[in-house]
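Trainee: Questions regarding the structure given below will be posed in turn.
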Amino acid sequence: MHPIGILYVVATPIGNLQDITLRALDVLKTVDAIAAEDTRHTSGLLSHFGIAKKLIAVHEHNEHQSAEKLLSQLNAGQSIALVTDAGTPGISDPGAVVVALVRKAGVKVVPIPGASAVIAALSASGIAQNGFLFHGFLPASGAARRKALEALKPQTVTLVFYEAPHRIIESIVDMSAVLGAERRITFARELTKTFETIYSCSLGEAEAWLQADANQQRGEFVLLVEAAAVKEAEEISEDTVRVLKLLLADLPLKQAVKLATEITHEKKNVLYEFALQLKQQPE
């Protein structure tokens with residue numbers, strides 16, 4: 001009986017090919033086959049590094065059928081690398097269906113991390129707000145997009161989106177209308193590529209900036225939108241503050257916030273942000 005193979009989930013460069021990791025190269029060289037979102041695109045990557053491997057197409061239109069085929073090969077003892085055109089499989093890209101089926105079958109899945117557009121954008125933005133929420137792509141329909149933005153509007157963490165060039169203008173217009181023209185946005189466009197651009201302005205100014213230069217409407221975007229303002233401490237009642245302080249004295253922050261929310265019926269995100277402020281204050 002053959003030993004069961006391993007599925008390697010391999011992150012590939014988001015633009016600059018030099019961003020591939022040494023570990024990713026080792027895996028791509030040693031696996032029996034590579035499952036790729038676009039075999040032509042992956043052929044170019046492999047050719048650049050002098051790697052020749054059998055390629056299997058796994059994209060959004062055939063992922064369920066391909067997952068079964070890959071599982072059969074893994075059970076036969078073959079090891080397979082799963083890649084997409086850029087970045088990490090399963091993160092706004094195909095791959096999650098394959099990984100879920102393989103893990104459910106008890107086959108070992110090993111992540112091979114690498115370049116990330118989200119982390120690259122955040123690292124170069126200078127945004128120091130507490131945490132972020134990665135939403136990925138907003139809906140293509142205007143009505144559905146505005147509904148999604150309304151749901152995200154109260155979030156007190158940085159909002160991170162991907163957007164395609166043909167929808168960038170309409171998405172920015174909707175963001176300004178729904179989230180507020182005064183909120184700041186950072187555009188991270190064509191990261192790691194020749195025409196990489198990182199630019200910050202208010203949402204109210206964003207459309208004009210894009211319209212002023214058609215080149216800035218090209219390529220793939222990561223959009224970082226300023227968090228909603230945290231409720232000021234004075235808006236929290238004295239009783240709520242007292243309860244939260246007492247709980248924080250004896251409990252971890254998350255547990256204290258959970259109990260304070262149940263006792264006071266205050267919004268959990270408001271108490272969480274206020275609890276963080278209390279923790280940061282000198283004794």
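Ordered as shown in the structure tokens, chains take letters A, B, and onward, while each chain numbers its residues from 1 and ligands are numbered from 1 in the order shown.
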Pick out the residues sitting within 10 Å of Lys267 of chain A, and hand them over as a ChimeraX atom specification; count only C-alpha atoms, and ignore anything fewer than 6 positions along from it in its own chain.
Mentor: /A:257,260-261
Trainee: Find the residues near Leu203 of chain A: any atom within 12 Å, counting only C-alpha atoms, skip ones fewer than 2 places away on the same chain, and give them as a PyMOL selection string.
Mentor: chain A and resi 169+171-187+199-201+205-210+223-226
Trainee: Calculate how many Å separate atom CA of Ala117 of chain A from atom CA of His64 of chain A, rounding to one decimal.
Mentor: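 Distance reported for this atom pair: 26.4 Å.
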Trainee: Could you check which of A:Ile34, A:Ala96, A:Val243, A:Ala57 is closest to Ile263 of chain A, using only C-alpha atoms?
Mentor: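 Smallest distance to Ile263 of chain A is found for A:Val243.
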Trainee: Contacts of Ala35 of chain A at 9 Å or less, counting only C-alpha atoms, minus same-chain residues fewer than 6 places along, as a VMD selection string?
Mentor: chain A and resid 54 to 58 66 70 80 to 84
Trainee: Include C-alpha atoms and write out the residues we just selected as a CSV table (one decimal), in the first residue's frame.
Mentor:
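What ended up in part_38.csv:
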chain,number,residue,atom,x,y,z
A,54,LYS,CA,3.1,17.9,-14.8
A,55,LEU,CA,0.4,20.6,-14.5
A,56,ILE,CA,-3.2,20.1,-13.6
A,57,ALA,CA,-5.8,22.8,-14.2
A,58,VAL,CA,-7.8,23.8,-11.1
A,66,SER,CA,-10.6,18.6,-10.0
A,70,LEU,CA,-6.4,15.4,-6.9
A,80,ILE,CA,0.9,17.8,-5.2
A,81,ALA,CA,1.5,21.6,-5.0
A,82,LEU,CA,-1.6,23.8,-5.3
A,83,VAL,CA,-0.9,27.3,-6.7
A,84,THR,CA,-2.9,30.2,-8.2
Trainee: Enumerate as a PDB file with C-alpha atoms, in the first residue's frame all residues of segment 90-163 of chain A assigned to strand (DSSP E or B) by DSSP on the backbone, naming them with the chain letters and numbers the document uses.
Mentor:
ATOM      1  CA  LYS A 108      -2.106  16.091   5.209  1.00  0.00           C
ATOM      2  CA  VAL A 109      -2.193  19.728   3.986  1.00  0.00           C
ATOM      3  CA  VAL A 110       0.948  21.850   4.393  1.00  0.00           C
ATOM      4  CA  PRO A 111       0.882  25.642   3.860  1.00  0.00           C
ATOM      5  CA  ILE A 112       3.901  27.238   2.179  1.00  0.00           C
ATOM      6  CA  PHE A 132      -8.033  45.168  10.074  1.00  0.00           C
ATOM      7  CA  LEU A 133     -10.884  43.341   8.378  1.00  0.00           C
ATOM      8  CA  PHE A 134     -10.065  41.739   5.034  1.00  0.00           C
ATOM      9  CA  HIS A 135     -13.204  41.632   2.915  1.00  0.00           C
ATOM     10  CA  GLY A 136     -11.687  40.800  -0.464  1.00  0.00           C
ATOM     11  CA  PHE A 137     -13.728  41.755  -3.541  1.00  0.00           C
ATOM     12  CA  THR A 158      -9.253  49.249   8.905  1.00  0.00           C
ATOM     13  CA  LEU A 159     -11.297  47.825   6.014  1.00  0.00           C
ATOM     14  CA  VAL A 160      -9.265  46.038   3.325  1.00  0.00           C
ATOM     15  CA  PHE A 161     -10.643  45.323  -0.137  1.00  0.00           C
ATOM     16  CA  TYR A 162      -9.422  43.981  -3.460  1.00  0.00           C
ATOM     17  CA  GLU A 163     -10.763  45.660  -6.581  1.00  0.00           C
TER      18      GLU A 163
END
Trainee: Would you please give, as a ChimeraX atom specification, all residues of segment 2-52 of chain A that DSSP assigns to alpha helix (DSSP H) based on the backbone?
Mentor: /A:22-30,39-48
Trainee: Please provide as a PyMOL selection string all residues within 12 Å of Glu262 of chain A, with the sequence filter that same-chain residues fewer than 4 positions apart are discarded (counting only C-alpha atoms).
Mentor: chain A and resi 240+243-244+255-258+266-268+271
Trainee: Name the closest residue to His59 of chain A among the candidates A:Gly87, A:Pro94, A:Pro113, A:Gly131; distances are taken between atoms, counting only C-alpha atoms.
Mentor: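 Between A:Gly87, A:Pro94, A:Pro113, A:Gly131, the residue approaching His59 of chain A most closely is A:Pro94.
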Trainee: Would you mind reading off the distance between atom CA of Thr156 of chain A and atom CA of Ser141 of chain A, one decimal, in Å?
Mentor: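 For atom CA of Thr156 of chain A relative to atom CA of Ser141 of chain A, the distance reads 25.3 Å.
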Trainee: Would you compute the distance between atom CA of Leu149 of chain A and atom CA of Val222 of chain A? Give it in Å to one decimal.
Mentor: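 Going from atom CA of Leu149 of chain A over to atom CA of Val222 of chain A covers 15.8 Å.
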Trainee: Which is closer to Ile51 of chain A than all the others in A:Val157, A:Ala24, A:Ile236, A:Ile127, using only C-alpha atoms?
Mentor: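 Closest to Ile51 of chain A, using only C-alpha atoms: A:Ala24.
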Trainee: Measuring between only C-alpha atoms, which one of A:Ala115, A:Ala143, A:Ala76, A:Leu17 shows the shortest distance to Gly44 of chain A?
Mentor: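 When distances to Gly44 of chain A are compared using only C-alpha atoms, the smallest one comes from A:Leu17.
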Trainee: Which one is closest to Lys104 of chain A: A:Ala67, A:Ala164, A:Ile119, A:Leu191? Count only C-alpha atoms.
Mentor: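 Closest to Lys104 of chain A of all the choices is A:Ala67.
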